[in-house]
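*Asks:* After the structure tokens below, expect a handful of questions from me.
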Amino acid sequence: MIRAIAIDDEPLALQIISHYCDQIDFVSLEKTFTSQSEALKHLRKYPVDLLFLDIQMPNKNGIDFYKLLENDVIVIFTTAHSEFAVEGFNVNATDYLLKPFSLERFETAVQKARNEFNFRNSTAVQTHLMIRADYKLNRIEFDDILMIEGLDDYVQIHLQNNRKIVARISMKSMMEKLPDNKFIRVHRSYIIPLNQIKSIQNKSIQIGDFSVPIGETYKEEVNKQLLN
């Protein structure tokens, strides 16, 4: 079952989405919001799989709101203005519904969301992660990651060949996306891949050209995983 919420400043639009979702057996619309701030509070506490999001809203447009989200939730944008379509797809929206939309058109959009949901939750061995950065969804192979560095509300992912990707996501959320048999958090500001470790000396770990400190809080876990 795909868990979803809808955000729109027009109550009638939310009623239509609720009515349509009631007729689709694989989507559970858990809540609707006319306020982005209330929706954000809910999402931080109760993450969902799918977001129906109106683009034109009073405080912040839906596209800017979507860019703020930490979790890589599937999004279907809704709006009465077709000129927003290109910008919507530039942030990897699954679909774009132009109001007023029919049940048939709505079903097409949620089927696309279902396909993406199934792909993301495939039982195949995970070899990569998807991270939203620079207004696009980036595929990053685990084997390309040298180190992940925390920078306040962002992370900087250091990759092979001196490449870097900076994304707005917390270190905690980042760690949840990574397989714990391949990565370890060694400091509040550093996550490292186990297969890239060159050496461990005193209170630091050598990863390529980087010398990564071992935080006091993480010392016990590091010793348990790397030194035993």
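By convention in this document, the chains of the structure tokens carry letters A, B, ... by their order, each chain's residues are numbered from 1, and ligands are numbered from 1 in the order they are shown.
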Sorted by chain and rising residue number, list the residues of stretch 135-201 of chain A at most 8 Å from stretch 61-72 of chain A (counting only C-alpha atoms), each with its closest atom pair and distance in Å to one decimal, as JSON lines.

*Replies:*
{"residue": "A:Tyr135", "atom": "CA", "partner": "A:Lys67", "partner_atom": "CA", "distance": 7.6}
{"residue": "A:Arg168", "atom": "CA", "partner": "A:Glu70", "partner_atom": "CA", "distance": 6.7}
{"residue": "A:Ile169", "atom": "CA", "partner": "A:Glu70", "partner_atom": "CA", "distance": 5.1}
{"residue": "A:Ser170", "atom": "CA", "partner": "A:Glu70", "partner_atom": "CA", "distance": 7.4}
{"residue": "A:Ser173", "atom": "CA", "partner": "A:Glu70", "partner_atom": "CA", "distance": 7.5}

*Asks:* Just to be explicit: take each residue in the selection above, keep N, CA, C and O atoms, and write the result as a PDB file, in the first residue's frame.

*Replies:*
ATOM      1  N   TYR A 135      18.578  20.322  -8.159  1.00  0.00           N
ATOM      2  CA  TYR A 135      17.280  20.276  -8.825  1.00  0.00           C
ATOM      3  C   TYR A 135      17.077  19.027  -9.681  1.00  0.00           C
ATOM      4  O   TYR A 135      16.301  19.030 -10.634  1.00  0.00           O
ATOM      5  N   ARG A 168      20.807  18.646   0.397  1.00  0.00           N
ATOM      6  CA  ARG A 168      20.159  19.070   1.635  1.00  0.00           C
ATOM      7  C   ARG A 168      19.507  17.851   2.297  1.00  0.00           C
ATOM      8  O   ARG A 168      18.405  17.445   1.933  1.00  0.00           O
ATOM      9  N   ILE A 169      20.196  17.266   3.246  1.00  0.00           N
ATOM     10  CA  ILE A 169      19.711  16.090   3.960  1.00  0.00           C
ATOM     11  C   ILE A 169      20.531  15.967   5.244  1.00  0.00           C
ATOM     12  O   ILE A 169      21.705  16.348   5.270  1.00  0.00           O
ATOM     13  N   SER A 170      19.941  15.480   6.295  1.00  0.00           N
ATOM     14  CA  SER A 170      20.673  15.315   7.554  1.00  0.00           C
ATOM     15  C   SER A 170      21.544  14.066   7.490  1.00  0.00           C
ATOM     16  O   SER A 170      21.311  13.157   6.704  1.00  0.00           O
ATOM     17  N   SER A 173      19.387  10.977   8.271  1.00  0.00           N
ATOM     18  CA  SER A 173      18.613  10.496   7.128  1.00  0.00           C
ATOM     19  C   SER A 173      19.514   9.856   6.082  1.00  0.00           C
ATOM     20  O   SER A 173      19.139   8.880   5.436  1.00  0.00           O
TER      21      SER A 173
END

*Asks:* Need to verify the contact set: A:Leu129, 8 Å, only C-alpha atoms, exclusion of same-chain residues closer than 4 positions in sequence. Can you return it as a PyMOL selection string?

*Replies:* chain A and resi 139-142+177-178

*Asks:* Which residues come within 10 Å of A:Leu97, counting only C-alpha atoms, excluding same-chain residues fewer than 2 positions away, as a count of residues only?

*Replies:* 20

*Asks:* Please report the interatomic distance between atom CA of A:Ile131 and atom CA of A:Met147 in Å with one decimal.

*Replies:*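 These two atoms are separated by 14.9 Å.
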
*Asks:* Could you please write out, as a PyMOL selection string, every residue of stretch 136-187 of chain A that DSSP assigns to strand (DSSP E)?

*Replies:* chain A and resi 136-141+145-151+154-159+164-167+183-187

*Asks:* Which residues are close to A:Met1, i.e. within 8 Å by only C-alpha atoms, leaving aside same-chain residues fewer than 3 positions away? Reply as a list of chain:residue names.

*Replies:*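 Using only C-alpha atoms, the neighbours found are A:Phe26, A:Val27, A:Ser28.
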
*Asks:* Need the shell around A:Glu38: protein/DNA/RNA residues with any atom at most 12 Å away, counting only C-alpha atoms. Skip same-chain ones fewer than 4 positions apart. Format as a compact mmCIF listing (two decimals) with all heavy atoms, in the first residue's frame?

*Replies:*
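The resulting file, part-v3.txt, is shown below:
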# COMPACT_ATOMS: atom_id res chain seq x y z
N ILE A 5 -0.12 11.81 1.28
CA ILE A 5 -0.84 12.97 1.81
C ILE A 5 -1.04 13.94 0.63
O ILE A 5 -0.37 13.82 -0.40
CB ILE A 5 -0.11 13.69 2.97
CG1 ILE A 5 1.20 14.32 2.49
CG2 ILE A 5 0.11 12.76 4.14
CD1 ILE A 5 1.80 15.29 3.51
N ALA A 6 -1.95 14.87 0.80
CA ALA A 6 -2.21 15.88 -0.23
C ALA A 6 -2.14 17.27 0.39
O ALA A 6 -2.61 17.47 1.52
CB ALA A 6 -3.57 15.66 -0.87
N ILE A 7 -1.55 18.21 -0.34
CA ILE A 7 -1.42 19.60 0.13
C ILE A 7 -1.96 20.53 -0.93
O ILE A 7 -1.51 20.51 -2.08
CB ILE A 7 0.06 19.95 0.42
CG1 ILE A 7 0.71 18.92 1.34
CG2 ILE A 7 0.17 21.35 1.03
CD1 ILE A 7 2.22 19.09 1.49
N ASP A 8 -2.95 21.33 -0.55
CA ASP A 8 -3.57 22.29 -1.48
C ASP A 8 -4.29 23.32 -0.64
O ASP A 8 -4.92 22.98 0.37
CB ASP A 8 -4.55 21.57 -2.41
CG ASP A 8 -4.88 22.38 -3.65
OD1 ASP A 8 -5.31 23.55 -3.50
OD2 ASP A 8 -4.73 21.85 -4.76
N ASP A 9 -4.20 24.60 -1.02
CA ASP A 9 -4.87 25.63 -0.23
C ASP A 9 -6.36 25.71 -0.53
O ASP A 9 -7.09 26.46 0.12
CB ASP A 9 -4.20 27.00 -0.43
CG ASP A 9 -4.25 27.46 -1.89
OD1 ASP A 9 -4.11 26.61 -2.79
OD2 ASP A 9 -4.42 28.67 -2.11
N LYS A 31 -3.80 11.82 5.06
CA LYS A 31 -4.19 13.13 5.60
C LYS A 31 -4.14 14.15 4.47
O LYS A 31 -3.42 13.98 3.48
CB LYS A 31 -3.24 13.54 6.72
CG LYS A 31 -3.85 14.47 7.73
CD LYS A 31 -3.20 14.33 9.10
CE LYS A 31 -3.96 15.15 10.11
NZ LYS A 31 -3.47 15.01 11.47
N THR A 32 -4.89 15.25 4.63
CA THR A 32 -4.83 16.36 3.69
C THR A 32 -4.53 17.64 4.46
O THR A 32 -4.90 17.77 5.63
CB THR A 32 -6.15 16.52 2.90
OG1 THR A 32 -7.21 16.82 3.82
CG2 THR A 32 -6.48 15.25 2.12
N PHE A 33 -3.87 18.59 3.78
CA PHE A 33 -3.46 19.83 4.43
C PHE A 33 -3.70 21.03 3.52
O PHE A 33 -3.47 20.95 2.31
CB PHE A 33 -1.96 19.79 4.77
CG PHE A 33 -1.57 18.71 5.74
CD1 PHE A 33 -1.22 17.45 5.28
CD2 PHE A 33 -1.55 18.97 7.11
CE1 PHE A 33 -0.85 16.45 6.17
CE2 PHE A 33 -1.18 17.97 8.01
CZ PHE A 33 -0.83 16.71 7.54
N THR A 34 -4.16 22.12 4.12
CA THR A 34 -4.22 23.39 3.40
C THR A 34 -3.02 24.26 3.77
O THR A 34 -2.78 25.29 3.16
CB THR A 34 -5.52 24.16 3.73
OG1 THR A 34 -5.62 24.33 5.15
CG2 THR A 34 -6.74 23.42 3.21
N HIS A 42 3.99 17.20 9.88
CA HIS A 42 3.50 15.83 9.77
C HIS A 42 4.53 14.94 9.08
O HIS A 42 4.80 13.81 9.54
CB HIS A 42 2.19 15.82 8.99
CG HIS A 42 1.59 14.45 8.82
ND1 HIS A 42 0.81 13.85 9.79
CD2 HIS A 42 1.69 13.55 7.79
CE1 HIS A 42 0.44 12.66 9.37
NE2 HIS A 42 0.95 12.45 8.16
N LEU A 43 5.11 15.43 8.00
CA LEU A 43 6.06 14.63 7.24
C LEU A 43 7.31 14.31 8.04
O LEU A 43 7.90 13.23 7.88
CB LEU A 43 6.45 15.35 5.94
CG LEU A 43 5.38 15.38 4.85
CD1 LEU A 43 5.76 16.34 3.73
CD2 LEU A 43 5.16 13.98 4.28
N ARG A 44 7.73 15.25 8.87
CA ARG A 44 8.93 15.00 9.69
C ARG A 44 8.68 13.90 10.72
O ARG A 44 9.59 13.18 11.10
CB ARG A 44 9.35 16.29 10.38
CG ARG A 44 10.05 17.26 9.43
CD ARG A 44 10.30 18.61 10.05
NE ARG A 44 11.06 19.47 9.16
CZ ARG A 44 11.15 20.78 9.29
NH1 ARG A 44 10.51 21.40 10.29
NH2 ARG A 44 11.87 21.49 8.44
N LYS A 45 7.44 13.77 11.13
CA LYS A 45 7.09 12.76 12.13
C LYS A 45 6.59 11.47 11.49
O LYS A 45 6.86 10.37 11.97
CB LYS A 45 6.02 13.33 13.07
CG LYS A 45 5.87 12.58 14.37
CD LYS A 45 4.99 13.35 15.33
CE LYS A 45 4.90 12.64 16.67
NZ LYS A 45 4.04 13.37 17.62
N TYR A 46 5.85 11.62 10.39
CA TYR A 46 5.25 10.45 9.72
C TYR A 46 5.56 10.51 8.22
O TYR A 46 4.74 10.99 7.44
CB TYR A 46 3.73 10.44 9.93
CG TYR A 46 3.29 10.54 11.37
CD1 TYR A 46 2.78 11.72 11.88
CD2 TYR A 46 3.40 9.43 12.22
CE1 TYR A 46 2.38 11.82 13.21
CE2 TYR A 46 3.01 9.51 13.54
CZ TYR A 46 2.49 10.72 14.03
OH TYR A 46 2.11 10.80 15.34

*Asks:* Could you work out how far atom CA of A:Leu146 lies from atom CA of A:Lys198, giving the answer in Å with one decimal?

*Replies:* 11.3 Å

*Asks:* Counting only C-alpha atoms, which residue out of A:Pro47, A:Val186, A:Ile17, A:Leu226 sits closest to A:Ser199?

*Replies:*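 For A:Ser199, the nearest of the given residues is A:Leu226.
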
*Asks:* For A:Ile74, list every protein, DNA or RNA residue within 7 Å, evaluated using only C-alpha atoms, and leave out those in the same chain fewer than 4 positions away; present the list as a list in words.

*Replies:* Asp49, Leu50, Leu51, Thr94 and Ala113 of chain A

*Asks:* Give the answer as one residue: which of A:Glu107, A:Tyr96, A:Val73, A:Lys164 has the shortest atom-to-atom distance to A:Leu137, using only C-alpha atoms?

*Replies:*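 Residue with the minimum atom-to-atom distance to A:Leu137: A:Val73.
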
*Asks:* Can you tell me how far atom CA of A:Ile16 sits from atom CA of A:Leu40, in Å to one decimal?

*Replies:*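 Between these atoms lies a distance of 21.6 Å.
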
*Asks:* A:Pro11, A:Ala4, A:Asn181, A:Asp143: which is nearest A:Val75, counting only C-alpha atoms?

*Replies:*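 Nearest candidate to A:Val75 out of A:Pro11, A:Ala4, A:Asn181, A:Asp143: A:Ala4.
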
*Asks:* Would you please work out which residue, of A:His158, A:Lys60, A:Arg3, A:Lys136, is nearest to A:Phe210 when using only C-alpha atoms?

*Replies:* A:His158

*Asks:* Please report, as a PyMOL selection string, each residue of stretch 1-205 of chain A to which DSSP assigns alpha helix (DSSP H) when run on this structure's backbone.

*Replies:* chain A and resi 11-22+36-45+62-68+85-90+103-120+171-177

*Asks:* Check the smallest atom-to-atom distance from each of A:Met171, A:Ile205, A:Val166, A:Val125 to A:Ile191 using only C-alpha atoms, then report the winner.

*Replies:*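 Once distances to A:Ile191 are computed over only C-alpha atoms, the minimum belongs to A:Met171.
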